[in-house]
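Heads up, run-v1.txt below (compact mmCIF, C-alpha atoms and all ligand atoms):
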```txt
# COMPACT_ATOMS: atom_id res chain seq x y z
CA MET K 7 0.00 0.00 0.00
CA LYS K 8 1.36 3.40 -0.98
CA SER K 9 1.68 6.13 1.61
CA ALA K 10 -0.83 8.95 1.70
CA ALA K 11 0.33 12.30 0.31
CA ILE K 12 -2.79 14.04 1.56
CA THR K 13 -4.93 13.05 4.52
CA VAL K 14 -8.07 14.99 5.32
CA LYS K 15 -10.25 14.14 8.30
CA ASN K 16 -13.67 15.56 9.07
CA LEU K 17 -12.88 18.86 7.43
CA THR K 18 -15.54 21.55 7.73
CA ARG K 19 -15.55 25.17 6.61
CA ARG K 20 -18.42 27.63 6.95
CA PHE K 21 -18.90 31.06 5.49
CA GLY K 22 -21.54 32.64 7.72
CA ASP K 23 -24.52 30.28 7.65
CA LYS K 24 -23.30 28.49 4.56
CA ILE K 25 -21.33 25.24 4.92
CA ALA K 26 -18.91 25.25 1.99
CA VAL K 27 -17.16 22.02 3.03
CA ASN K 28 -19.03 19.61 5.24
CA ASP K 29 -17.24 16.89 7.22
CA LEU K 30 -14.94 15.87 4.37
CA SER K 31 -12.58 12.93 4.85
CA ILE K 32 -10.31 11.75 2.02
CA GLU K 33 -6.89 10.23 1.49
CA VAL K 34 -4.85 10.82 -1.64
CA GLU K 35 -2.02 8.41 -2.30
CA THR K 36 1.47 9.38 -3.37
CA GLY K 37 1.81 9.30 -7.15
CA GLU K 38 -1.92 9.38 -7.74
CA VAL K 39 -3.88 11.72 -10.01
CA PHE K 40 -6.89 12.46 -7.85
CA GLY K 41 -9.86 14.15 -9.48
CA PHE K 42 -12.03 16.45 -7.41
CA LEU K 43 -15.37 16.95 -9.14
CA GLY K 44 -18.59 18.75 -8.38
CA HIS K 45 -20.98 21.48 -9.47
CA ASN K 46 -20.24 25.19 -9.21
CA GLY K 47 -20.13 26.03 -5.53
CA ALA K 48 -19.67 22.39 -4.43
CA GLY K 49 -16.66 23.30 -2.26
CA LYS K 50 -13.70 22.30 -4.46
CA THR K 51 -11.77 25.55 -4.39
CA THR K 52 -12.50 26.04 -0.69
CA THR K 53 -10.96 22.62 -0.05
CA VAL K 54 -7.90 23.41 -2.17
CA ARG K 55 -7.45 26.67 -0.30
CA MET K 56 -7.52 24.84 3.02
CA LEU K 57 -5.13 22.16 1.74
CA ASN K 58 -2.73 24.98 0.91
CA GLY K 59 -3.07 26.79 4.20
CA VAL K 60 -4.60 29.88 2.57
CA LEU K 61 -7.84 29.38 4.46
CA GLU K 62 -8.38 27.95 7.93
CA ALA K 63 -10.83 25.18 8.57
CA ASN K 64 -13.52 25.48 11.22
CA SER K 65 -12.85 21.92 12.26
CA GLY K 66 -11.10 18.75 11.14
CA SER K 67 -7.50 18.04 10.26
CA ILE K 68 -5.30 18.18 7.16
CA HIS K 69 -1.92 16.61 6.52
CA VAL K 70 -0.09 17.15 3.27
CA LEU K 71 3.24 15.30 3.07
CA GLY K 72 2.76 14.74 6.78
CA MET K 73 2.59 18.47 7.50
CA ASP K 74 -0.16 20.80 8.67
CA PRO K 75 -0.67 23.50 6.00
CA ILE K 76 -1.38 26.20 8.59
CA THR K 77 1.44 25.60 11.07
CA ASP K 78 4.02 24.23 8.60
CA GLY K 79 3.11 26.63 5.78
CA PRO K 80 6.52 27.70 4.41
CA ALA K 81 8.09 24.23 4.68
CA LEU K 82 5.09 22.71 2.95
CA ARG K 83 4.84 25.30 0.19
CA ALA K 84 8.45 24.57 -0.75
CA ARG K 85 7.30 21.06 -1.68
CA THR K 86 3.88 21.76 -3.15
CA GLY K 87 2.68 23.73 -6.15
CA VAL K 88 -0.74 25.24 -6.64
CA LEU K 89 -2.55 26.59 -9.65
CA THR K 90 -5.48 28.60 -8.35
CA GLU K 91 -8.60 29.60 -10.25
CA THR K 92 -7.40 33.17 -10.55
CA ALA K 93 -3.62 32.95 -10.51
CA ALA K 94 -2.16 36.38 -9.79
CA LEU K 95 0.58 37.14 -12.29
CA GLU K 96 2.59 40.36 -12.38
CA LEU K 97 1.01 41.82 -15.49
CA ARG K 98 3.59 44.54 -16.02
CA LEU K 99 6.48 42.12 -15.97
CA THR K 100 7.54 39.75 -18.73
CA ALA K 101 6.74 36.06 -18.63
CA ARG K 102 10.37 35.26 -17.90
CA ASP K 103 10.57 37.76 -15.04
CA ASN K 104 7.38 36.38 -13.54
CA LEU K 105 9.04 33.00 -13.32
CA LEU K 106 12.39 34.38 -12.14
CA ILE K 107 10.77 36.24 -9.24
CA TYR K 108 8.93 33.12 -8.26
CA ALA K 109 12.08 31.04 -8.50
CA ASP K 110 13.67 33.42 -6.03
CA LEU K 111 10.77 33.03 -3.63
CA PHE K 112 11.14 29.28 -3.76
CA SER K 113 14.92 29.32 -3.60
CA VAL K 114 15.35 27.36 -6.82
CA PRO K 115 19.17 26.99 -7.06
CA ARG K 116 20.56 29.98 -8.98
CA ASP K 117 22.70 28.00 -11.40
CA LYS K 118 19.64 26.05 -12.47
CA VAL K 119 17.13 28.88 -12.67
CA GLN K 120 17.73 30.23 -16.17
CA THR K 121 17.67 26.78 -17.77
CA ARG K 122 14.62 25.66 -15.84
CA VAL K 123 12.73 28.84 -16.72
CA ARG K 124 13.67 28.53 -20.40
CA GLU K 125 12.62 24.88 -20.52
CA LEU K 126 9.27 25.58 -18.92
CA LEU K 127 8.57 28.55 -21.20
CA GLU K 128 9.42 26.39 -24.22
CA PHE K 129 7.32 23.50 -22.96
CA PHE K 130 4.30 25.73 -22.52
CA GLY K 131 4.73 27.31 -25.95
CA LEU K 132 5.79 30.66 -24.54
CA GLY K 133 9.39 30.65 -25.76
CA GLU K 134 8.81 33.38 -28.30
CA SER K 135 6.76 35.51 -25.94
CA ALA K 136 9.10 35.05 -22.99
CA ASP K 137 10.18 38.69 -22.96
CA GLN K 138 6.78 40.25 -23.53
CA ARG K 139 4.78 41.76 -20.73
CA VAL K 140 2.09 39.45 -19.44
CA GLU K 141 -0.57 42.18 -19.85
CA THR K 142 -0.30 41.57 -23.61
CA PHE K 143 -1.03 37.84 -23.20
CA SER K 144 -4.24 36.05 -24.13
CA THR K 145 -6.20 34.10 -21.48
CA GLY K 146 -4.66 30.81 -22.57
CA MET K 147 -1.13 32.21 -22.55
CA ARG K 148 -1.63 33.46 -19.00
CA GLN K 149 -2.97 30.08 -17.96
CA ARG K 150 0.08 28.36 -19.45
CA LEU K 151 2.40 30.76 -17.66
CA SER K 152 0.59 30.10 -14.39
CA LEU K 153 1.06 26.38 -14.93
CA ALA K 154 4.77 26.89 -15.61
CA ARG K 155 5.00 28.83 -12.38
CA THR K 156 3.21 26.09 -10.45
CA LEU K 157 5.79 23.54 -11.58
CA LEU K 158 8.88 25.75 -11.32
CA HIS K 159 10.25 24.37 -8.06
CA ASN K 160 9.53 20.76 -8.95
CA PRO K 161 6.80 20.26 -6.35
CA GLU K 162 5.96 16.80 -5.03
CA VAL K 163 2.27 17.51 -4.60
CA ILE K 164 0.55 19.62 -7.23
CA PHE K 165 -2.88 21.20 -6.80
CA LEU K 166 -4.50 22.18 -10.07
CA ASP K 167 -7.79 24.06 -9.99
CA GLU K 168 -9.20 23.84 -13.54
CA PRO K 169 -5.81 23.71 -15.29
CA THR K 170 -7.20 23.45 -18.80
CA SER K 171 -9.79 26.19 -18.53
CA GLY K 172 -9.14 28.75 -21.26
CA LEU K 173 -6.76 26.47 -23.13
CA ASP K 174 -7.23 25.51 -26.77
CA PRO K 175 -7.64 21.76 -27.44
CA VAL K 176 -4.00 21.20 -28.36
CA ALA K 177 -2.69 23.03 -25.30
CA ALA K 178 -5.24 21.21 -23.10
CA HIS K 179 -4.04 17.89 -24.49
CA GLN K 180 -0.42 18.82 -23.73
CA VAL K 181 -1.29 19.77 -20.18
CA ASN K 182 -3.14 16.51 -19.65
CA ALA K 183 -0.19 14.54 -21.00
CA LEU K 184 2.05 16.48 -18.65
CA ILE K 185 -0.19 15.66 -15.68
CA SER K 186 -0.06 11.94 -16.50
CA ASN K 187 3.67 12.11 -16.94
CA LEU K 188 4.20 13.91 -13.64
CA ALA K 189 2.34 11.17 -11.81
CA GLU K 190 3.45 8.09 -13.73
CA GLU K 191 7.08 8.91 -14.47
CA LYS K 192 7.97 11.24 -11.66
CA GLY K 193 5.78 9.89 -8.87
CA ARG K 194 4.22 13.30 -8.25
CA THR K 195 0.80 13.53 -6.64
CA VAL K 196 -1.77 15.58 -8.49
CA PHE K 197 -4.95 16.93 -6.92
CA LEU K 198 -7.07 18.03 -9.84
CA CYS K 199 -10.30 20.05 -9.70
CA THR K 200 -12.12 19.87 -12.97
CA HIS K 201 -15.51 20.11 -14.65
CA ASN K 202 -14.22 18.20 -17.63
CA LEU K 203 -15.44 14.67 -17.00
CA VAL K 204 -13.94 13.25 -20.18
CA GLU K 205 -10.52 14.50 -19.10
CA ALA K 206 -11.08 13.27 -15.56
CA GLN K 207 -11.97 9.79 -16.73
CA LYS K 208 -8.81 9.56 -18.83
CA LEU K 209 -6.45 11.12 -16.35
CA CYS K 210 -7.52 10.25 -12.86
CA ASP K 211 -6.67 7.14 -10.90
CA ARG K 212 -9.53 7.99 -8.57
CA VAL K 213 -12.12 10.71 -8.41
CA ALA K 214 -14.21 12.20 -5.63
CA VAL K 215 -17.54 13.84 -6.35
CA MET K 216 -18.66 16.70 -4.12
CA GLU K 217 -22.18 18.02 -3.77
CA HIS K 218 -22.97 21.03 -1.63
CA GLY K 219 -19.81 20.54 0.41
CA ARG K 220 -20.30 16.84 0.99
CA LEU K 221 -18.44 13.93 -0.51
CA VAL K 222 -21.04 11.84 -2.35
CA ALA K 223 -18.87 9.30 -4.17
CA ILE K 224 -15.23 8.26 -4.39
CA GLY K 225 -13.40 5.58 -6.35
CA THR K 226 -11.77 4.71 -9.65
CA PRO K 227 -13.81 5.82 -12.68
CA THR K 228 -14.42 2.15 -13.53
CA ASP K 229 -15.70 1.33 -10.03
CA LEU K 230 -17.96 4.34 -9.98
CA ILE K 231 -19.40 3.46 -13.37
CA GLN K 232 -20.18 -0.05 -12.12
CA GLN K 233 -21.64 1.22 -8.90
CA TYR K 234 -23.80 4.08 -10.12
CA VAL K 235 -24.72 3.66 -13.76
CA ARG K 236 -28.03 1.83 -13.80
CA ARG K 237 -29.06 2.63 -17.33
CA LEU K 238 -27.42 1.98 -20.62
CA ASP K 239 -28.18 3.18 -24.14
CA VAL K 240 -28.21 0.42 -26.74
CA GLU K 241 -28.36 1.12 -30.44
CA ILE K 242 -30.00 -1.49 -32.66
CA GLU K 243 -29.64 -1.69 -36.41
CA THR K 244 -32.27 -3.86 -38.10
CA ALA K 245 -32.63 -4.95 -41.71
CA PRO K 246 -34.30 -2.21 -43.81
CA GLY K 247 -38.04 -1.89 -43.18
CA GLN K 248 -38.00 -3.97 -39.96
CA MET K 249 -37.88 -1.16 -37.47
CA ASP K 250 -41.61 -1.14 -36.67
CA ALA K 251 -41.66 -4.92 -36.36
CA ALA K 252 -38.69 -4.66 -33.99
CA LEU K 253 -40.56 -2.14 -31.85
CA GLN K 254 -43.50 -4.51 -31.61
CA ALA K 255 -41.26 -7.42 -30.76
CA LEU K 256 -39.71 -5.44 -27.92
CA ALA K 257 -42.99 -4.28 -26.42
CA PRO K 258 -43.19 -7.15 -23.84
CA ALA K 259 -39.76 -6.15 -22.50
CA SER K 260 -40.89 -2.80 -21.08
CA SER K 261 -39.65 -3.76 -17.61
CA LEU K 262 -36.10 -3.86 -19.01
CA THR K 263 -36.28 -0.46 -20.66
CA PHE K 264 -36.76 3.16 -19.66
CA GLY K 265 -39.04 5.36 -21.75
CA LEU K 266 -39.79 4.79 -25.39
CA PRO K 267 -37.30 3.62 -28.02
CA ARG K 268 -35.89 6.52 -30.06
CA HIS K 269 -35.14 6.60 -33.77
CA THR K 270 -31.58 7.80 -34.37
CA ASN K 271 -29.79 7.81 -37.75
CA GLY K 272 -32.12 5.18 -39.13
CA ASN K 273 -31.52 2.96 -36.07
CA LEU K 274 -33.31 2.35 -32.81
CA THR K 275 -31.90 3.45 -29.49
CA LEU K 276 -33.23 1.96 -26.28
CA THR K 277 -32.33 2.90 -22.75
CA VAL K 278 -32.09 -0.33 -20.80
CA THR K 279 -31.51 -1.33 -17.19
CA GLY K 280 -28.02 -2.73 -17.76
CA ARG K 281 -25.91 -5.17 -19.74
CA GLU K 282 -28.03 -8.10 -18.55
CA ALA K 283 -30.98 -6.75 -20.52
CA ILE K 284 -29.16 -7.09 -23.84
CA PRO K 285 -29.37 -10.90 -24.36
CA GLU K 286 -33.05 -10.87 -23.38
CA LEU K 287 -33.88 -8.17 -25.89
CA LEU K 288 -31.86 -9.92 -28.56
CA ASN K 289 -33.78 -13.12 -27.87
CA LEU K 290 -37.11 -11.36 -28.35
CA LEU K 291 -35.96 -9.89 -31.64
CA VAL K 292 -34.67 -13.20 -32.95
CA GLN K 293 -37.81 -15.07 -31.89
CA ASN K 294 -39.81 -12.54 -33.90
CA HIS K 295 -37.62 -13.07 -36.97
CA ILE K 296 -36.14 -9.58 -36.92
CA ARG K 297 -32.83 -9.49 -38.72
CA ILE K 298 -30.32 -7.72 -36.51
CA TYR K 299 -27.23 -6.26 -38.13
CA ARG K 300 -25.87 -4.59 -35.04
CA MET K 301 -26.65 -4.13 -31.36
CA SER K 302 -24.18 -1.86 -29.65
CA PRO K 303 -24.24 -0.63 -26.07
CA HIS K 304 -22.78 2.82 -25.50
CA GLN K 305 -19.86 2.50 -23.09
CA PRO K 306 -20.94 4.31 -19.92
CA THR K 307 -18.67 7.13 -18.82
CA LEU K 308 -17.89 9.19 -15.77
CA GLU K 309 -20.37 11.68 -17.16
CA ASP K 310 -23.08 9.04 -16.72
CA VAL K 311 -21.95 8.57 -13.10
CA TYR K 312 -22.16 12.29 -12.55
CA PHE K 313 -25.69 12.48 -13.91
CA ALA K 314 -26.75 9.30 -12.09
CA LEU K 315 -25.61 10.86 -8.81
CA HIS K 316 -27.44 14.01 -9.69
CA ASP K 317 -30.65 12.10 -10.53
CA GLU K 318 -30.37 10.11 -7.30
CA LYS K 319 -30.23 13.35 -5.36
CA GLU K 320 -33.23 14.76 -7.23
CA THR K 321 -35.35 11.71 -6.43
CA VAL K 322 -34.36 11.66 -2.75
CA GLN K 323 -35.30 15.30 -2.21
N1 LIG K 401 -14.72 33.84 0.64
C1 LIG K 401 -15.96 33.39 0.63
N2 LIG K 401 -16.95 34.04 1.30
C2 LIG K 401 -18.22 33.56 1.31
N3 LIG K 401 -18.60 32.44 0.69
C3 LIG K 401 -17.69 31.75 0.01
C4 LIG K 401 -16.32 32.19 -0.05
N4 LIG K 401 -15.63 31.30 -0.81
C5 LIG K 401 -16.51 30.37 -1.20
N5 LIG K 401 -17.74 30.63 -0.70
C6 LIG K 401 -18.94 29.82 -0.88
O1 LIG K 401 -18.61 28.47 -0.60
C7 LIG K 401 -19.23 27.58 -1.52
C8 LIG K 401 -18.17 26.73 -2.19
O2 LIG K 401 -17.42 27.54 -3.07
P1 LIG K 401 -16.16 27.00 -3.88
O3 LIG K 401 -15.49 28.18 -4.47
O4 LIG K 401 -15.36 26.13 -2.98
O5 LIG K 401 -16.88 26.11 -4.98
P2 LIG K 401 -16.25 25.31 -6.21
O6 LIG K 401 -16.63 23.88 -6.03
O7 LIG K 401 -14.81 25.62 -6.35
O8 LIG K 401 -17.08 25.90 -7.43
P3 LIG K 401 -16.63 26.26 -8.95
O9 LIG K 401 -16.82 25.00 -9.73
O10 LIG K 401 -17.65 27.30 -9.34
O11 LIG K 401 -15.24 26.77 -8.96
C9 LIG K 401 -20.04 28.46 -2.47
O12 LIG K 401 -21.37 28.50 -2.03
C10 LIG K 401 -19.40 29.83 -2.33
O13 LIG K 401 -20.34 30.84 -2.54
MG MG K 402 -13.73 26.50 -7.82
```

Output the structure of this file as structure tokens.
Amino acid sequence: MKSAAITVKNLTRRFGDKIAVNDLSIEVETGEVFGFLGHNGAGKTTTVRMLNGVLEANSGSIHVLGMDPITDGPALRARTGVLTETAALELRLTARDNLLIYADLFSVPRDKVQTRVRELLEFFGLGESADQRVETFSTGMRQRLSLARTLLHNPEVIFLDEPTSGLDPVAAHQVNALISNLAEEKGRTVFLCTHNLVEAQKLCDRVAVMEHGRLVAIGTPTDLIQQYVRRLDVEIETAPGQMDAALQALAPASSLTFGLPRHTNGNLTLTVTGREAIPELLNLLVQNHIRIYRMSPHQPTLEDVYFALHDEKETVQ
């Protein structure tokens, strides 16, 4: 079992009457990419701020690399990097100077600074703009510079709050590849807040889903899909002209389906209760002499988990 890079126990933070984070307990393992998901206002950024010692908790405990972010702040910040939602860059300075100032703050060895800064600027596609003032940068360029700054001192634990927001698809892809590489090759721990569920599914070893400050689900994307996705879309392609006959044949199986079958691209799409429904439906179709060319279930995704959790909540309330 790997050691925990981050341990959070019964963490609570209120703002006035509002509970932004409510009794949160999680452990993030060393070398793991941990996704932190949830709707706007779910408590993600508040948690990241507490994990970084920027905000005090009302109750509960936090250990990052074995240290308390409030009492061991400077020692911890030397070993962690954080990309906040609104990273404050020095707009009147150049990209290079922004990094050099930061390097000074983090005591990056002087002989290594220039090379490290150049490499990061190159990696983030800012080589040619390195000596321009940041105020002339586009949103995506600023985001890339903020990411470079986060990684400057080679942190062991990296907190990324929406790292790909504002990035074009190519830059977003590069950042995601970098995140995987940091974890897999370098053993870094990445705590990633994101609304991008497709990215989260690809990148994260485990994800946690927050709702109104509470943890509602945690696990690997695969486990969560198995646990929460109770409906599956299946597309059926019949021989030409057999669609209506297929609908009739399927009528007795209404307990295995949700709602009515839909016509999509000349095919039928059914929402069914799970994989187990597929052979039964196929049986019905075959018994009724429907010629089936294709029956393909849509692979459920983390997005389906997210919506299943949301639906669950709606029905409970
Ligand atoms: N400084 C603050 N003062 C008062 N309320 C706050 C403060 N910071 C956050 N909140 C409230 O706490 C709750 C959680 O906010 P938080 O920023 O953690 O959400 P989030 O999950 O990061 O959302 P988003 O996806 O929009 O970034 C929200 O209701 C927000 O209004
Ligand atoms: Mg946020």

Inset, instruction - List the neighbours of Gln232 of chain K out to 12 Å using all atoms listed in the file; skip same-chain residues closer than 2 positions along the sequence, and give me the result as a ChimeraX atom specification. - result: /K:225-230,234-238,280-281,305-308,310-311,314

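Atom CA of Thr51 of chain K to atom CA of Leu127 of chain K spans 26.6 Å [interatomic distance, one decimal].
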
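From atom CA of Lys208 of chain K back to atom CA of Asn273 of chain K, the distance works out to 29.3 Å.
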
Inset, instruction - Go through the chains and note each residue within 12 Å of ligand MG 402 (chain K), using all atoms listed in the file, then give the set as a count of residues only. - result: 30

Legend entry - atom CA of Ser302 of chain K to atom CA of Ala206 of chain K, straight-line distance in Å: 24.5 Å

Legend entry - For ligand LIG 401 (chain K), the nearest of the candidates K:Ser135, K:Met147, K:Ala283, K:Val215, counting all atoms listed in the file: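 Once distances to ligand LIG 401 (chain K) are computed over all atoms listed in the file, the minimum belongs to K:Val215.
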
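Distances here use only C-alpha atoms; by that measure, the residue among K:Ile224, K:Leu256, K:Leu315, K:Leu111 closest to Ser31 of chain K is K:Ile224.
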
Legend entry - Best match for closeness to ligand LIG 401 (chain K) among K:Ile25, K:Ala11, K:Leu30, K:Leu99, counting only C-alpha atoms and all ligand atoms: K:Ile25

Legend entry - Long-range neighbours of Tyr108 of chain K as a PyMOL selection string, 10 Å cut-off, all atoms listed in the file, 6 positions minimum in chain: chain K and resi 102+114+155-156+158-159

Inset, instruction - Quick one: everything within 10 Å of segment 257-259 of chain K, counting only C-alpha atoms, minus sequence neighbours fewer than 5 positions away in the same chain. Send it as a VMD selection string. - result: chain K and resid 252 266 to 267 278 283 286 to 287 290

Give me, as a PDB file with C-alpha atoms, keeping the file's coordinate frame, all polymer residues having an atom no more than 8 Å from segment 67-78 of chain K, counting only C-alpha atoms and skipping those fewer than 4 positions away in the same chain.
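Saved to result.pdb:
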```pdb
ATOM      1  CA  ALA K  10      -0.830   8.950   1.700  1.00  0.00           C
ATOM      2  CA  ALA K  11       0.330  12.300   0.310  1.00  0.00           C
ATOM      3  CA  ILE K  12      -2.790  14.040   1.560  1.00  0.00           C
ATOM      4  CA  THR K  13      -4.930  13.050   4.520  1.00  0.00           C
ATOM      5  CA  VAL K  14      -8.070  14.990   5.320  1.00  0.00           C
ATOM      6  CA  LYS K  15     -10.250  14.140   8.300  1.00  0.00           C
ATOM      7  CA  ASN K  16     -13.670  15.560   9.070  1.00  0.00           C
ATOM      8  CA  LEU K  17     -12.880  18.860   7.430  1.00  0.00           C
ATOM      9  CA  MET K  56      -7.520  24.840   3.020  1.00  0.00           C
ATOM     10  CA  LEU K  57      -5.130  22.160   1.740  1.00  0.00           C
ATOM     11  CA  ASN K  58      -2.730  24.980   0.910  1.00  0.00           C
ATOM     12  CA  GLY K  59      -3.070  26.790   4.200  1.00  0.00           C
ATOM     13  CA  VAL K  60      -4.600  29.880   2.570  1.00  0.00           C
ATOM     14  CA  GLU K  62      -8.380  27.950   7.930  1.00  0.00           C
ATOM     15  CA  LEU K  82       5.090  22.710   2.950  1.00  0.00           C
TER      16      LEU K  82
END
```

Legend entry - Ser113 of chain K surroundings by all atoms listed in the file, 10 Å radius, close-in-sequence under 6 positions cut, as a count of residues only: 4

Would you place a box with edges along x, y and z of the file around all atoms of segment 194-205 of chain K listed there, add 6 Å to each of its six sides, and report the centre and edge lengths in Å to one decimal, as JSON?
```
{"center_x": -5.6, "center_y": 16.7, "center_z": -13.4, "size_x": 31.7, "size_y": 18.9, "size_z": 25.5}
```

Legend entry - K:Arg124, K:Arg20, K:His316, K:Arg85 ranked by distance to ligand LIG 401 (chain K), top pick (using only C-alpha atoms and all ligand atoms): K:Arg20

Using the atoms already present, construct N, CA and C atoms for segment 271-285 of chain K and hand them back as a PDB file, keeping the file's coordinate frame.
```pdb
ATOM      1  N   ASN K 271     -30.528   8.143 -36.519  1.00  0.00           N
ATOM      2  CA  ASN K 271     -29.790   7.810 -37.750  1.00  0.00           C
ATOM      3  C   ASN K 271     -30.294   6.531 -38.401  1.00  0.00           C
ATOM      4  N   GLY K 272     -31.588   6.377 -38.482  1.00  0.00           N
ATOM      5  CA  GLY K 272     -32.120   5.180 -39.130  1.00  0.00           C
ATOM      6  C   GLY K 272     -32.018   3.939 -38.247  1.00  0.00           C
ATOM      7  N   ASN K 273     -31.602   4.103 -36.991  1.00  0.00           N
ATOM      8  CA  ASN K 273     -31.520   2.960 -36.070  1.00  0.00           C
ATOM      9  C   ASN K 273     -32.459   3.202 -34.892  1.00  0.00           C
ATOM     10  N   LEU K 274     -32.527   2.203 -34.034  1.00  0.00           N
ATOM     11  CA  LEU K 274     -33.310   2.350 -32.810  1.00  0.00           C
ATOM     12  C   LEU K 274     -32.372   2.497 -31.630  1.00  0.00           C
ATOM     13  N   THR K 275     -32.683   3.400 -30.716  1.00  0.00           N
ATOM     14  CA  THR K 275     -31.900   3.450 -29.490  1.00  0.00           C
ATOM     15  C   THR K 275     -32.833   3.233 -28.305  1.00  0.00           C
ATOM     16  N   LEU K 276     -32.441   2.280 -27.473  1.00  0.00           N
ATOM     17  CA  LEU K 276     -33.230   1.960 -26.280  1.00  0.00           C
ATOM     18  C   LEU K 276     -32.397   2.269 -25.052  1.00  0.00           C
ATOM     19  N   THR K 277     -33.038   2.786 -24.021  1.00  0.00           N
ATOM     20  CA  THR K 277     -32.330   2.900 -22.750  1.00  0.00           C
ATOM     21  C   THR K 277     -32.747   1.718 -21.900  1.00  0.00           C
ATOM     22  N   VAL K 278     -31.772   0.901 -21.513  1.00  0.00           N
ATOM     23  CA  VAL K 278     -32.090  -0.330 -20.800  1.00  0.00           C
ATOM     24  C   VAL K 278     -31.499  -0.329 -19.394  1.00  0.00           C
ATOM     25  N   THR K 279     -31.891  -1.322 -18.603  1.00  0.00           N
ATOM     26  CA  THR K 279     -31.510  -1.330 -17.190  1.00  0.00           C
ATOM     27  C   THR K 279     -30.070  -1.780 -16.937  1.00  0.00           C
ATOM     28  N   GLY K 280     -29.410  -2.309 -17.950  1.00  0.00           N
ATOM     29  CA  GLY K 280     -28.020  -2.730 -17.760  1.00  0.00           C
ATOM     30  C   GLY K 280     -27.646  -3.751 -18.814  1.00  0.00           C
ATOM     31  N   ARG K 281     -26.400  -4.211 -18.736  1.00  0.00           N
ATOM     32  CA  ARG K 281     -25.910  -5.170 -19.740  1.00  0.00           C
ATOM     33  C   ARG K 281     -26.768  -6.427 -19.805  1.00  0.00           C
ATOM     34  N   GLU K 282     -27.276  -6.837 -18.619  1.00  0.00           N
ATOM     35  CA  GLU K 282     -28.030  -8.100 -18.550  1.00  0.00           C
ATOM     36  C   GLU K 282     -29.284  -8.058 -19.405  1.00  0.00           C
ATOM     37  N   ALA K 283     -29.761  -6.855 -19.713  1.00  0.00           N
ATOM     38  CA  ALA K 283     -30.980  -6.750 -20.520  1.00  0.00           C
ATOM     39  C   ALA K 283     -30.707  -7.102 -21.976  1.00  0.00           C
ATOM     40  N   ILE K 284     -29.465  -6.969 -22.404  1.00  0.00           N
ATOM     41  CA  ILE K 284     -29.160  -7.090 -23.840  1.00  0.00           C
ATOM     42  C   ILE K 284     -29.510  -8.487 -24.402  1.00  0.00           C
ATOM     43  N   PRO K 285     -29.035  -9.587 -23.791  1.00  0.00           N
ATOM     44  CA  PRO K 285     -29.370 -10.900 -24.360  1.00  0.00           C
ATOM     45  C   PRO K 285     -30.871 -11.145 -24.406  1.00  0.00           C
TER      46      PRO K 285
END
```
